[in-house]
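*Asks:* input_30.cif is reproduced in full below (mmCIF, C-alpha atoms (C1' of nucleotides)).
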```cif
data_final
#
loop_
_atom_site.label_atom_id
_atom_site.label_comp_id
_atom_site.auth_asym_id
_atom_site.auth_seq_id
_atom_site.Cartn_x
_atom_site.Cartn_y
_atom_site.Cartn_z
CA MET A 110 0.83 -19.40 -32.70
CA THR A 111 1.36 -20.49 -36.24
CA GLU A 112 -2.05 -19.16 -37.13
CA CYS A 113 -1.87 -16.13 -39.37
CA SER A 114 -2.74 -13.31 -37.03
CA SER A 115 -3.69 -10.90 -39.83
CA ASN A 116 -4.69 -8.32 -37.27
CA PRO A 117 -3.43 -4.93 -38.43
CA ILE A 118 -2.66 -3.72 -34.91
CA ILE A 119 -0.61 -6.80 -34.07
CA ASP A 120 1.20 -6.60 -37.40
CA GLU A 121 1.90 -2.93 -36.78
CA TRP A 122 3.39 -3.65 -33.36
CA LEU A 123 5.48 -6.55 -34.63
CA GLY A 124 6.72 -4.31 -37.42
CA ARG A 125 7.66 -1.61 -34.96
CA LEU A 126 9.61 -4.08 -32.86
CA GLN A 127 11.42 -5.36 -35.93
CA ALA A 128 12.13 -1.85 -37.17
CA ALA A 129 13.70 -1.09 -33.81
CA GLY A 130 16.09 -3.98 -34.33
CA TYR A 131 14.36 -6.54 -32.15
CA ARG A 132 13.77 -10.07 -33.35
CA LEU A 133 10.37 -11.63 -33.74
CA THR A 134 10.19 -14.78 -31.69
CA ALA A 135 7.26 -16.98 -30.81
CA PRO A 136 7.22 -16.01 -27.10
CA ARG A 137 7.41 -12.34 -27.96
CA LYS A 138 4.61 -12.64 -30.50
CA ALA A 139 2.41 -14.36 -27.94
CA VAL A 140 2.83 -11.43 -25.57
CA VAL A 141 2.25 -8.83 -28.28
CA GLU A 142 -0.86 -10.62 -29.49
CA THR A 143 -2.16 -10.62 -25.95
CA ILE A 144 -1.71 -6.93 -25.18
CA ALA A 145 -2.07 -5.22 -28.52
CA THR A 146 -5.79 -5.81 -28.78
CA SER A 147 -6.75 -5.94 -25.13
CA GLN A 148 -9.69 -3.79 -24.05
CA HIS A 149 -8.79 -4.41 -20.43
CA VAL A 150 -5.85 -3.39 -18.30
CA LEU A 151 -3.39 -6.25 -17.88
CA SER A 152 -0.77 -6.84 -15.23
CA PRO A 153 2.40 -8.71 -16.18
CA GLN A 154 1.00 -11.75 -14.39
CA GLU A 155 -2.24 -11.53 -16.38
CA MET A 156 -0.37 -11.10 -19.64
CA TYR A 157 1.66 -14.14 -18.68
CA GLU A 158 -1.40 -16.27 -18.02
CA GLN A 159 -3.16 -15.17 -21.19
CA ALA A 160 -0.12 -15.39 -23.44
CA ARG A 161 0.63 -18.89 -22.20
CA GLU A 162 -2.56 -20.01 -23.90
CA ARG A 163 -0.84 -19.08 -27.14
CA TYR A 164 2.64 -20.23 -26.18
CA PRO A 165 2.62 -22.51 -23.12
CA ALA A 166 6.40 -22.58 -22.61
CA LEU A 167 6.45 -18.81 -22.10
CA GLY A 168 8.38 -17.52 -19.08
CA LEU A 169 7.23 -14.63 -16.93
CA VAL A 170 10.60 -12.98 -17.45
CA THR A 171 9.93 -12.72 -21.16
CA VAL A 172 6.71 -10.86 -20.41
CA TYR A 173 8.64 -8.29 -18.37
CA ARG A 174 11.27 -7.94 -21.08
CA THR A 175 8.66 -7.53 -23.79
CA VAL A 176 6.71 -4.99 -21.75
CA GLU A 177 9.91 -3.02 -21.36
CA LYS A 178 10.39 -2.88 -25.11
CA LEU A 179 6.77 -2.04 -25.90
CA ASP A 180 6.87 0.73 -23.30
CA GLU A 181 10.11 2.06 -24.73
CA LEU A 182 8.50 2.17 -28.19
CA GLY A 183 5.46 3.95 -26.79
CA LEU A 184 3.12 1.15 -27.76
CA ILE A 185 1.80 0.53 -24.25
CA GLN A 186 1.33 2.68 -21.20
CA ARG A 187 1.14 1.95 -17.51
CA VAL A 188 -2.22 2.51 -15.87
CA HIS A 189 -2.42 3.95 -12.37
CA GLN A 190 -5.46 2.97 -10.33
CA PRO A 191 -6.49 3.28 -6.69
CA SER A 192 -5.94 -0.47 -6.46
CA GLY A 193 -2.41 -0.35 -7.86
CA CYS A 194 -0.16 0.70 -10.68
CA HIS A 195 1.01 -2.55 -12.21
CA ALA A 196 -1.25 -2.75 -15.25
CA TYR A 197 -0.77 -1.77 -18.88
CA ILE A 198 -2.93 -1.01 -21.89
CA PRO A 199 -2.19 -0.14 -25.51
CA ALA A 200 -1.11 3.49 -25.65
CA ALA A 201 -3.45 6.15 -26.99
CA PRO A 202 -2.64 8.10 -30.13
CA GLY A 203 -2.23 11.73 -29.10
CA HIS A 204 -3.24 13.07 -25.74
CA GLN A 205 -6.17 11.17 -24.37
CA HIS A 206 -7.54 10.43 -20.95
CA LEU A 207 -8.72 7.26 -19.34
CA LEU A 208 -11.96 5.78 -18.15
CA ILE A 209 -11.45 2.53 -16.29
CA CYS A 210 -13.93 0.02 -14.92
CA GLN A 211 -12.97 -0.92 -11.37
CA SER A 212 -14.75 -4.24 -11.67
CA CYS A 213 -13.43 -5.73 -14.87
CA GLY A 214 -10.57 -3.45 -15.83
CA ARG A 215 -12.12 -2.33 -19.10
CA ALA A 216 -10.33 0.80 -20.26
CA GLU A 217 -11.49 3.43 -22.73
CA TYR A 218 -9.92 6.63 -23.86
CA PHE A 219 -11.70 9.94 -24.21
CA SER A 220 -10.51 13.27 -25.46
CA GLY A 221 -9.47 15.71 -22.76
CA ASP A 222 -8.77 18.79 -24.79
CA ARG A 223 -11.43 20.54 -22.73
CA LEU A 224 -8.80 20.88 -20.03
CA ASP A 225 -6.57 23.47 -21.62
CA ALA A 226 -8.30 26.46 -20.06
CA LEU A 227 -8.28 24.92 -16.61
CA MET A 228 -4.59 24.10 -16.91
CA GLU A 229 -3.67 27.60 -17.95
CA GLU A 230 -5.66 29.01 -15.08
CA VAL A 231 -4.00 26.74 -12.54
CA ALA A 232 -0.57 27.44 -14.00
CA GLY A 233 -1.19 31.16 -13.63
CA GLU A 234 -2.43 30.93 -10.06
CA SER A 235 0.32 28.62 -8.87
CA GLY A 236 3.36 29.75 -10.76
CA PHE A 237 4.00 26.19 -11.93
CA GLN A 238 5.14 25.39 -15.45
CA ILE A 239 2.84 22.54 -16.31
CA GLN A 240 4.49 19.84 -18.39
CA ASP A 241 2.11 16.93 -18.22
CA HIS A 242 -1.29 16.00 -16.87
CA TRP A 243 -3.33 12.96 -16.04
CA LEU A 244 -7.09 12.80 -16.00
CA GLN A 245 -8.60 9.49 -15.13
CA LEU A 246 -12.15 8.51 -14.36
CA PHE A 247 -12.97 5.37 -12.43
CA GLY A 248 -16.29 3.61 -12.25
CA LYS A 249 -18.26 0.71 -13.59
CA CYS A 250 -18.70 -0.03 -17.26
CA ARG A 251 -22.01 -0.83 -18.94
CA ASP A 252 -21.53 -4.53 -18.35
CA CYS A 253 -20.48 -4.29 -14.69
CA GLY A 254 -22.57 -1.35 -13.56
CA VAL A 255 -26.01 -2.91 -13.91
CA ASN A 256 -28.60 -3.32 -11.17
CA PHE A 257 -28.30 -5.09 -7.83
CA SER A 258 -24.78 -4.04 -6.99
CA MET B 62 10.80 15.28 20.73
CA THR B 63 9.80 16.61 24.10
CA GLU B 64 9.49 20.06 22.63
CA CYS B 65 5.94 21.34 22.63
CA SER B 66 4.88 21.07 19.04
CA SER B 67 1.99 23.53 19.34
CA ASN B 68 1.21 23.16 15.68
CA PRO B 69 -2.55 22.92 15.26
CA ILE B 70 -2.32 20.43 12.37
CA ILE B 71 0.00 18.13 14.26
CA ASP B 72 -2.17 18.37 17.36
CA GLU B 73 -5.24 17.61 15.29
CA TRP B 74 -3.64 14.49 13.80
CA LEU B 75 -2.38 13.27 17.16
CA GLY B 76 -5.86 13.80 18.58
CA ARG B 77 -7.39 11.82 15.73
CA LEU B 78 -5.00 8.95 16.35
CA GLN B 79 -5.79 8.98 20.04
CA ALA B 80 -9.53 9.21 19.41
CA ALA B 81 -9.22 6.13 17.21
CA GLY B 82 -7.75 4.24 20.14
CA TYR B 83 -4.11 4.46 19.16
CA ARG B 84 -1.44 5.42 21.65
CA LEU B 85 0.78 8.43 21.29
CA THR B 86 4.38 7.38 21.38
CA ALA B 87 7.55 9.27 20.63
CA PRO B 88 8.31 7.37 17.37
CA ARG B 89 4.75 7.85 16.16
CA LYS B 90 4.83 11.55 16.99
CA ALA B 91 8.07 11.95 15.07
CA VAL B 92 6.46 10.47 11.96
CA VAL B 93 3.29 12.54 12.32
CA GLU B 94 5.27 15.72 12.82
CA THR B 95 7.20 14.92 9.67
CA ILE B 96 4.26 14.30 7.36
CA ALA B 97 1.49 16.48 8.73
CA THR B 98 3.07 19.74 7.67
CA SER B 99 5.04 18.59 4.64
CA GLN B 100 4.62 20.60 1.48
CA HIS B 101 6.39 17.89 -0.47
CA VAL B 102 5.50 14.33 -1.31
CA LEU B 103 7.31 11.88 0.94
CA SER B 104 8.10 8.22 0.43
CA PRO B 105 8.29 5.95 3.48
CA GLN B 106 12.07 6.04 3.16
CA GLU B 107 12.08 9.84 3.09
CA MET B 108 9.73 10.02 6.07
CA TYR B 109 12.08 7.65 7.85
CA GLU B 110 15.13 9.79 7.16
CA GLN B 111 13.42 13.02 8.13
CA ALA B 112 11.67 11.62 11.20
CA ARG B 113 14.94 10.18 12.46
CA GLU B 114 16.17 13.71 12.94
CA ARG B 115 13.45 14.04 15.57
CA TYR B 116 13.73 10.52 16.97
CA PRO B 117 16.98 8.82 15.93
CA ALA B 118 16.07 5.35 17.22
CA LEU B 119 13.07 5.22 14.86
CA GLY B 120 12.66 2.06 12.80
CA LEU B 121 11.47 2.00 9.21
CA VAL B 122 8.80 -0.50 10.19
CA THR B 123 7.20 2.05 12.47
CA VAL B 124 6.97 4.46 9.55
CA TYR B 125 5.04 1.87 7.54
CA ARG B 126 2.75 1.10 10.46
CA THR B 127 2.08 4.78 11.11
CA VAL B 128 1.42 5.46 7.43
CA GLU B 129 -1.11 2.63 7.49
CA LYS B 130 -2.99 4.23 10.38
CA LEU B 131 -2.90 7.74 8.94
CA ASP B 132 -4.15 6.41 5.63
CA GLU B 133 -6.94 4.51 7.35
CA LEU B 134 -7.99 7.71 9.13
CA GLY B 135 -7.94 9.62 5.86
CA LEU B 136 -5.23 11.99 7.04
CA ILE B 137 -2.80 11.22 4.24
CA GLN B 138 -3.14 10.09 0.66
CA ARG B 139 -0.89 8.25 -1.72
CA VAL B 140 0.40 10.26 -4.67
CA HIS B 141 0.74 8.65 -8.07
CA GLN B 142 3.40 10.10 -10.35
CA PRO B 143 5.03 9.07 -13.62
CA SER B 144 8.13 8.30 -11.56
CA GLY B 145 6.34 6.06 -9.11
CA CYS B 146 3.54 5.69 -6.61
CA HIS B 147 5.31 5.35 -3.30
CA ALA B 148 4.82 8.84 -1.92
CA TYR B 149 2.28 10.41 0.42
CA ILE B 150 1.03 13.88 1.29
CA PRO B 151 -1.48 15.22 3.80
CA ALA B 152 -4.97 14.55 2.45
CA ALA B 153 -7.04 17.37 1.03
CA PRO B 154 -10.27 18.46 2.63
CA GLY B 155 -13.06 17.79 0.13
CA HIS B 156 -12.41 16.91 -3.46
CA GLN B 157 -9.30 18.56 -4.71
CA HIS B 158 -6.78 17.88 -7.40
CA LEU B 159 -3.03 17.86 -7.41
CA LEU B 160 -0.25 19.89 -8.87
CA ILE B 161 3.15 18.31 -8.31
CA CYS B 162 6.64 19.54 -9.03
CA GLN B 163 8.66 16.81 -10.73
CA SER B 164 11.90 18.32 -9.50
CA CYS B 165 11.38 18.81 -5.79
CA GLY B 166 8.13 17.01 -5.10
CA ARG B 167 6.28 20.10 -3.94
CA ALA B 168 2.56 19.38 -4.00
CA GLU B 169 -0.35 21.80 -4.06
CA TYR B 170 -4.06 21.24 -4.27
CA PHE B 171 -6.43 23.11 -6.52
CA SER B 172 -10.15 22.94 -6.87
CA GLY B 173 -11.39 20.74 -9.68
CA ASP B 174 -15.08 21.40 -9.53
CA ARG B 175 -14.82 22.68 -13.06
CA LEU B 176 -14.80 19.04 -14.14
CA ASP B 177 -18.38 18.12 -13.40
CA ALA B 178 -19.72 18.91 -16.86
CA LEU B 179 -16.93 16.95 -18.55
CA MET B 180 -17.54 13.96 -16.33
CA GLU B 181 -21.25 13.91 -17.04
CA GLU B 182 -20.59 14.15 -20.72
CA VAL B 183 -18.11 11.27 -20.68
CA ALA B 184 -20.43 9.17 -18.52
CA GLY B 185 -23.23 9.70 -21.03
CA GLU B 186 -21.10 8.86 -24.05
CA SER B 187 -19.50 5.78 -22.52
CA GLY B 188 -22.26 4.25 -20.44
CA PHE B 189 -19.94 4.15 -17.44
CA GLN B 190 -21.14 5.02 -13.95
CA ILE B 191 -18.34 7.26 -12.77
CA GLN B 192 -17.48 6.84 -9.13
CA ASP B 193 -14.17 8.61 -8.73
CA HIS B 194 -11.73 10.70 -10.66
CA TRP B 195 -8.16 11.83 -10.53
CA LEU B 196 -6.81 14.99 -12.09
CA GLN B 197 -3.15 15.64 -11.60
CA LEU B 198 -0.86 18.19 -13.18
CA PHE B 199 2.88 17.70 -13.28
CA GLY B 200 5.50 20.32 -13.89
CA LYS B 201 8.01 22.55 -12.21
CA CYS B 202 7.20 24.83 -9.31
CA ARG B 203 8.22 28.48 -9.08
CA ASP B 204 11.46 27.56 -7.33
CA CYS B 205 12.50 24.76 -9.70
CA GLY B 206 11.16 26.08 -12.97
CA VAL B 207 13.43 29.07 -13.38
CA ASN B 208 15.80 29.76 -16.23
CA PHE B 209 18.64 27.66 -17.53
CA SER B 210 16.97 24.27 -17.24
"C1'" DG C 196 27.39 -18.63 -37.88
"C1'" DT C 197 26.61 -14.97 -34.74
"C1'" DG C 198 24.53 -12.55 -31.56
"C1'" DA C 199 19.90 -11.54 -29.64
"C1'" DT C 200 16.48 -14.03 -26.91
"C1'" DT C 201 14.96 -17.48 -23.93
"C1'" DG C 202 13.78 -19.79 -19.35
"C1'" DC C 203 15.59 -20.93 -15.05
"C1'" DA C 204 17.42 -19.73 -10.72
"C1'" DA C 205 19.12 -16.35 -7.85
"C1'" DA C 206 19.40 -11.65 -6.43
"C1'" DG C 207 17.23 -7.16 -5.47
"C1'" DC C 208 13.98 -4.08 -3.58
"C1'" DG C 209 10.10 -2.27 -1.07
"C1'" DT C 210 6.87 -3.86 2.18
"C1'" DT C 211 4.87 -6.99 5.72
"C1'" DT C 212 5.02 -10.28 9.48
"C1'" DG C 213 6.81 -12.86 13.83
"C1'" DC C 214 8.57 -12.06 18.02
"C1'" DA C 215 10.39 -10.67 22.51
"C1'" DC C 216 11.01 -6.36 24.85
"C1'" DC C 217 9.33 -1.77 26.03
"C1'" DG C 218 6.29 2.12 27.31
"C1'" DT C 219 1.57 4.32 27.25
"C1'" DA C 220 -2.69 4.67 29.36
"C1'" DT D 5 -0.62 -3.77 35.24
"C1'" DA D 6 -2.17 -4.89 30.73
"C1'" DC D 7 -1.76 -4.62 26.27
"C1'" DG D 8 -0.60 -1.75 22.23
"C1'" DG D 9 3.68 -0.30 20.10
"C1'" DT D 10 8.57 -0.94 19.07
"C1'" DG D 11 12.79 -2.50 16.50
"C1'" DC D 12 15.14 -6.37 14.70
"C1'" DA D 13 15.35 -10.11 11.60
"C1'" DA D 14 13.14 -12.95 8.55
"C1'" DA D 15 9.60 -13.66 5.09
"C1'" DC D 16 7.13 -12.02 1.28
"C1'" DG D 17 5.76 -10.70 -3.61
"C1'" DC D 18 7.02 -8.42 -7.60
"C1'" DT D 19 10.66 -7.29 -10.68
"C1'" DT D 20 15.40 -7.55 -12.43
"C1'" DT D 21 19.78 -9.78 -13.40
"C1'" DG D 22 23.31 -13.69 -14.46
"C1'" DC D 23 23.83 -17.45 -17.19
"C1'" DA D 24 24.08 -21.31 -20.47
"C1'" DA D 25 21.20 -23.13 -24.07
"C1'" DT D 26 18.44 -21.83 -28.05
"C1'" DC D 27 16.82 -19.65 -32.17
"C1'" DA D 28 16.03 -15.66 -35.58
"C1'" DC D 29 18.31 -13.49 -39.00
#
```
If you convert what's in this file into structure tokens, what do you get?

*Replies:*
Amino acid sequence: MTECSSNPIIDEWLGRLQAAGYRLTAPRKAVVETIATSQHVLSPQEMYEQARERYPALGLVTVYRTVEKLDELGLIQRVHQPSGCHAYIPAAPGHQHLLICQSCGRAEYFSGDRLDALMEEVAGESGFQIQDHWLQLFGKCRDCGVNFS
Amino acid sequence: MTECSSNPIIDEWLGRLQAAGYRLTAPRKAVVETIATSQHVLSPQEMYEQARERYPALGLVTVYRTVEKLDELGLIQRVHQPSGCHAYIPAAPGHQHLLICQSCGRAEYFSGDRLDALMEEVAGESGFQIQDHWLQLFGKCRDCGVNFS
DNA sequence: GTGATTGCAAAGCGTTTGCACCGTA
DNA sequence: TACGGTGCAAACGCTTTGCAATCAC
């Protein structure tokens, strides 16, 4: 954990935490380093296991408390899947939608601006004022989707 | 609870339970009658409170066990919302998408077949094999969305 | 030095399980 | 009558909270 991370995303997140008045501690850095660059959805338990490789004395409670702060700062977002809703990924800039591999948890964003017309149509038909929307696709990624499944 | 329900949806659900080898009991009927015709998402706790008006001796455990069976038979589906994922509604026939009021929990389905082109496009760009998708819109329904909010 | 942060242990909450009694088929 | 279903109480897993010791600033 003394290694110079020199990853711009991690540095950005640490800076955001500091700017919000939070202190930069070794356990907190271990958690941030684990999530900030993850391509896969991570549950608190998974963050805990992975971050402990960087900081073995880490407590699970610290993971929860760090997740809370990162969520509050909009740096991560919870991912809802058929299998459960306990995982997080780095938040997308702007309004994007999710593509998630149900085998390995790989998550990718894609632009969903093609939905505006549909949403207006549904709003008109239903009388709802639409405030938010979720579009998520589930499947198998290139690595998991190959033959003999 | 002795009252003749004579609601075709309720009768259909009770028949499906019976056909699957489950017995029709008064507590189970109270839960089915509560969910089968609900226009609003219901958590197990809410089902419990509402179903107790029909069968006051009902136990919360029976709600969970009935939900499990209805889910297994595809009669209900879990609803995922920003505020949590503990609620259920009657399942949609075919592939439909959801529109949910964040004030009162009213849920409506709409057809999402307009998504096929988008999904193919995203599959091609990402290399994912898409197996399932969720599209959900959140907002305020006609009754909740009115003025002075 | 001071106050935020930590890890532990305990509490909290929604859900599931064990069990003896009950009621459907 | 037989056996699935019931409610209670206890167990469970995940998450949060209370607390004294620690550490960033």

*Asks:* Given the point (17.5, -21.1, -13.3) in the coordinates of this file, which residues lie within 10 Å, counting all atoms listed in the file, and how would they look as a list in words?

*Replies:*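 Counting all atoms listed in the file, I find these residues within 10 Å of (17.5, -21.1, -13.3): DG202, DC203, DA204 and DA205 of chain C; DG22, DC23 and DA24 of chain D.
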
*Asks:* Restrict the selected residues to C-alpha atoms (C1' of nucleotides) and save them as a PDB file, in the coordinates of the input.

*Replies:*
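After the write, selection_35.pdb holds the following:
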```pdb
ATOM      1  C1'  DG C 202      13.780 -19.790 -19.350  1.00  0.00           C
ATOM      2  C1'  DC C 203      15.590 -20.930 -15.050  1.00  0.00           C
ATOM      3  C1'  DA C 204      17.420 -19.730 -10.720  1.00  0.00           C
ATOM      4  C1'  DA C 205      19.120 -16.350  -7.850  1.00  0.00           C
TER       5       DA C 205
ATOM      6  C1'  DG D  22      23.310 -13.690 -14.460  1.00  0.00           C
ATOM      7  C1'  DC D  23      23.830 -17.450 -17.190  1.00  0.00           C
ATOM      8  C1'  DA D  24      24.080 -21.310 -20.470  1.00  0.00           C
TER       9       DA D  24
END
```

*Asks:* Mind fitting chain B onto chain A over all Cα atoms in sequence order and sending the result as a short mmCIF file (atom, residue, chain, number, x, y, z; two decimals) with C-alpha atoms, in the coordinates of the input?

*Replies:*
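Saved result, selection-v2.cif, follows:
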```cif
data_model
loop_
_atom_site.label_atom_id
_atom_site.label_comp_id
_atom_site.auth_asym_id
_atom_site.auth_seq_id
_atom_site.Cartn_x
_atom_site.Cartn_y
_atom_site.Cartn_z
CA MET B 62 1.08 -19.48 -32.69
CA THR B 63 1.71 -20.36 -36.29
CA GLU B 64 -1.74 -19.14 -37.18
CA CYS B 65 -1.69 -16.07 -39.37
CA SER B 66 -2.66 -13.28 -37.05
CA SER B 67 -3.69 -10.87 -39.80
CA ASN B 68 -4.69 -8.29 -37.26
CA PRO B 69 -3.47 -4.89 -38.43
CA ILE B 70 -2.67 -3.68 -34.89
CA ILE B 71 -0.66 -6.77 -34.07
CA ASP B 72 1.15 -6.56 -37.39
CA GLU B 73 1.89 -2.90 -36.78
CA TRP B 74 3.39 -3.63 -33.36
CA LEU B 75 5.45 -6.54 -34.63
CA GLY B 76 6.72 -4.32 -37.44
CA ARG B 77 7.66 -1.61 -34.96
CA LEU B 78 9.60 -4.11 -32.87
CA GLN B 79 11.40 -5.40 -35.93
CA ALA B 80 12.13 -1.89 -37.18
CA ALA B 81 13.69 -1.14 -33.81
CA GLY B 82 16.08 -4.03 -34.32
CA TYR B 83 14.31 -6.58 -32.17
CA ARG B 84 13.71 -10.11 -33.36
CA LEU B 85 10.31 -11.65 -33.75
CA THR B 86 10.09 -14.80 -31.72
CA ALA B 87 7.16 -16.99 -30.82
CA PRO B 88 7.13 -16.00 -27.10
CA ARG B 89 7.34 -12.32 -27.99
CA LYS B 90 4.54 -12.64 -30.52
CA ALA B 91 2.35 -14.34 -27.94
CA VAL B 92 2.79 -11.41 -25.57
CA VAL B 93 2.20 -8.81 -28.28
CA GLU B 94 -0.91 -10.59 -29.49
CA THR B 95 -2.19 -10.59 -25.93
CA ILE B 96 -1.72 -6.91 -25.16
CA ALA B 97 -2.09 -5.18 -28.51
CA THR B 98 -5.81 -5.79 -28.78
CA SER B 99 -6.76 -5.91 -25.11
CA GLN B 100 -9.67 -3.78 -24.04
CA HIS B 101 -8.77 -4.38 -20.42
CA VAL B 102 -5.84 -3.37 -18.30
CA LEU B 103 -3.38 -6.22 -17.88
CA SER B 104 -0.75 -6.80 -15.23
CA PRO B 105 2.41 -8.70 -16.18
CA GLN B 106 1.00 -11.72 -14.38
CA GLU B 107 -2.25 -11.50 -16.34
CA MET B 108 -0.38 -11.08 -19.62
CA TYR B 109 1.63 -14.13 -18.66
CA GLU B 110 -1.44 -16.24 -17.99
CA GLN B 111 -3.22 -15.14 -21.14
CA ALA B 112 -0.17 -15.36 -23.40
CA ARG B 113 0.55 -18.87 -22.16
CA GLU B 114 -2.63 -19.98 -23.86
CA ARG B 115 -0.92 -19.06 -27.12
CA TYR B 116 2.57 -20.22 -26.16
CA PRO B 117 2.53 -22.50 -23.11
CA ALA B 118 6.31 -22.59 -22.61
CA LEU B 119 6.37 -18.81 -22.09
CA GLY B 120 8.29 -17.53 -19.08
CA LEU B 121 7.19 -14.63 -16.93
CA VAL B 122 10.58 -13.01 -17.46
CA THR B 123 9.90 -12.74 -21.16
CA VAL B 124 6.69 -10.87 -20.40
CA TYR B 125 8.64 -8.31 -18.38
CA ARG B 126 11.26 -7.95 -21.09
CA THR B 127 8.64 -7.54 -23.80
CA VAL B 128 6.70 -5.00 -21.74
CA GLU B 129 9.93 -3.03 -21.37
CA LYS B 130 10.41 -2.89 -25.14
CA LEU B 131 6.79 -2.03 -25.90
CA ASP B 132 6.90 0.72 -23.30
CA GLU B 133 10.13 2.07 -24.75
CA LEU B 134 8.52 2.18 -28.20
CA GLY B 135 5.49 3.97 -26.79
CA LEU B 136 3.12 1.17 -27.76
CA ILE B 137 1.81 0.56 -24.26
CA GLN B 138 1.34 2.69 -21.18
CA ARG B 139 1.17 1.95 -17.50
CA VAL B 140 -2.20 2.52 -15.85
CA HIS B 141 -2.40 3.95 -12.36
CA GLN B 142 -5.44 2.98 -10.33
CA PRO B 143 -6.49 3.28 -6.69
CA SER B 144 -5.94 -0.47 -6.47
CA GLY B 145 -2.43 -0.37 -7.84
CA CYS B 146 -0.16 0.66 -10.67
CA HIS B 147 0.98 -2.61 -12.16
CA ALA B 148 -1.23 -2.75 -15.23
CA TYR B 149 -0.75 -1.76 -18.86
CA ILE B 150 -2.92 -0.98 -21.87
CA PRO B 151 -2.19 -0.12 -25.49
CA ALA B 152 -1.08 3.51 -25.64
CA ALA B 153 -3.42 6.16 -26.97
CA PRO B 154 -2.63 8.11 -30.10
CA GLY B 155 -2.24 11.76 -29.11
CA HIS B 156 -3.24 13.06 -25.73
CA GLN B 157 -6.16 11.18 -24.36
CA HIS B 158 -7.53 10.44 -20.95
CA LEU B 159 -8.71 7.27 -19.34
CA LEU B 160 -11.94 5.79 -18.16
CA ILE B 161 -11.44 2.53 -16.28
CA CYS B 162 -13.90 0.02 -14.91
CA GLN B 163 -12.96 -0.93 -11.36
CA SER B 164 -14.74 -4.24 -11.68
CA CYS B 165 -13.41 -5.74 -14.88
CA GLY B 166 -10.56 -3.45 -15.82
CA ARG B 167 -12.09 -2.34 -19.09
CA ALA B 168 -10.32 0.80 -20.26
CA GLU B 169 -11.47 3.42 -22.74
CA TYR B 170 -9.90 6.65 -23.87
CA PHE B 171 -11.69 9.94 -24.22
CA SER B 172 -10.52 13.27 -25.46
CA GLY B 173 -9.46 15.69 -22.77
CA ASP B 174 -8.78 18.77 -24.80
CA ARG B 175 -11.45 20.49 -22.78
CA LEU B 176 -8.84 20.86 -20.05
CA ASP B 177 -6.60 23.45 -21.63
CA ALA B 178 -8.32 26.46 -20.09
CA LEU B 179 -8.27 24.89 -16.62
CA MET B 180 -4.60 24.08 -16.92
CA GLU B 181 -3.68 27.59 -17.96
CA GLU B 182 -5.66 28.99 -15.11
CA VAL B 183 -4.00 26.73 -12.55
CA ALA B 184 -0.56 27.44 -14.01
CA GLY B 185 -1.19 31.16 -13.65
CA GLU B 186 -2.44 30.92 -10.08
CA SER B 187 0.31 28.60 -8.89
CA GLY B 188 3.37 29.75 -10.78
CA PHE B 189 4.00 26.19 -11.94
CA GLN B 190 5.13 25.40 -15.47
CA ILE B 191 2.85 22.52 -16.32
CA GLN B 192 4.48 19.85 -18.40
CA ASP B 193 2.10 16.92 -18.22
CA HIS B 194 -1.27 15.99 -16.87
CA TRP B 195 -3.31 12.95 -16.04
CA LEU B 196 -7.08 12.80 -16.00
CA GLN B 197 -8.58 9.47 -15.14
CA LEU B 198 -12.14 8.50 -14.36
CA PHE B 199 -12.96 5.36 -12.43
CA GLY B 200 -16.27 3.60 -12.25
CA LYS B 201 -18.24 0.70 -13.59
CA CYS B 202 -18.68 -0.03 -17.27
CA ARG B 203 -21.99 -0.83 -18.94
CA ASP B 204 -21.50 -4.55 -18.35
CA CYS B 205 -20.47 -4.31 -14.69
CA GLY B 206 -22.56 -1.38 -13.56
CA VAL B 207 -25.99 -2.93 -13.88
CA ASN B 208 -28.54 -3.39 -11.14
CA PHE B 209 -28.22 -5.22 -7.87
CA SER B 210 -24.70 -4.13 -7.00
#
```

*Asks:* Rounded to one decimal, what separation in Å do you get between atom CA of Cys146 of chain B and atom CA of Arg175 of chain B?

*Replies:*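 Computing it gives 25.8 Å between the two atoms.
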
*Asks:* Using only C-alpha atoms, find the residues of chain A whose closest atom to chain B is at most 8 Å away, then write them as a ChimeraX atom specification.

*Replies:* /A:189,194,210,219,223,227-228,231,235-251,254

*Asks:* Write a file of the just-selected residues containing C-alpha atoms, as a CSV table (one decimal), in the frame of the given file.

*Replies:*
```csv
chain,number,residue,atom,x,y,z
A,189,HIS,CA,-2.4,4.0,-12.4
A,194,CYS,CA,-0.2,0.7,-10.7
A,210,CYS,CA,-13.9,0.0,-14.9
A,219,PHE,CA,-11.7,9.9,-24.2
A,223,ARG,CA,-11.4,20.5,-22.7
A,227,LEU,CA,-8.3,24.9,-16.6
A,228,MET,CA,-4.6,24.1,-16.9
A,231,VAL,CA,-4.0,26.7,-12.5
A,235,SER,CA,0.3,28.6,-8.9
A,236,GLY,CA,3.4,29.8,-10.8
A,237,PHE,CA,4.0,26.2,-11.9
A,238,GLN,CA,5.1,25.4,-15.4
A,239,ILE,CA,2.8,22.5,-16.3
A,240,GLN,CA,4.5,19.8,-18.4
A,241,ASP,CA,2.1,16.9,-18.2
A,242,HIS,CA,-1.3,16.0,-16.9
A,243,TRP,CA,-3.3,13.0,-16.0
A,244,LEU,CA,-7.1,12.8,-16.0
A,245,GLN,CA,-8.6,9.5,-15.1
A,246,LEU,CA,-12.2,8.5,-14.4
A,247,PHE,CA,-13.0,5.4,-12.4
A,248,GLY,CA,-16.3,3.6,-12.2
A,249,LYS,CA,-18.3,0.7,-13.6
A,250,CYS,CA,-18.7,0.0,-17.3
A,251,ARG,CA,-22.0,-0.8,-18.9
A,254,GLY,CA,-22.6,-1.4,-13.6
```
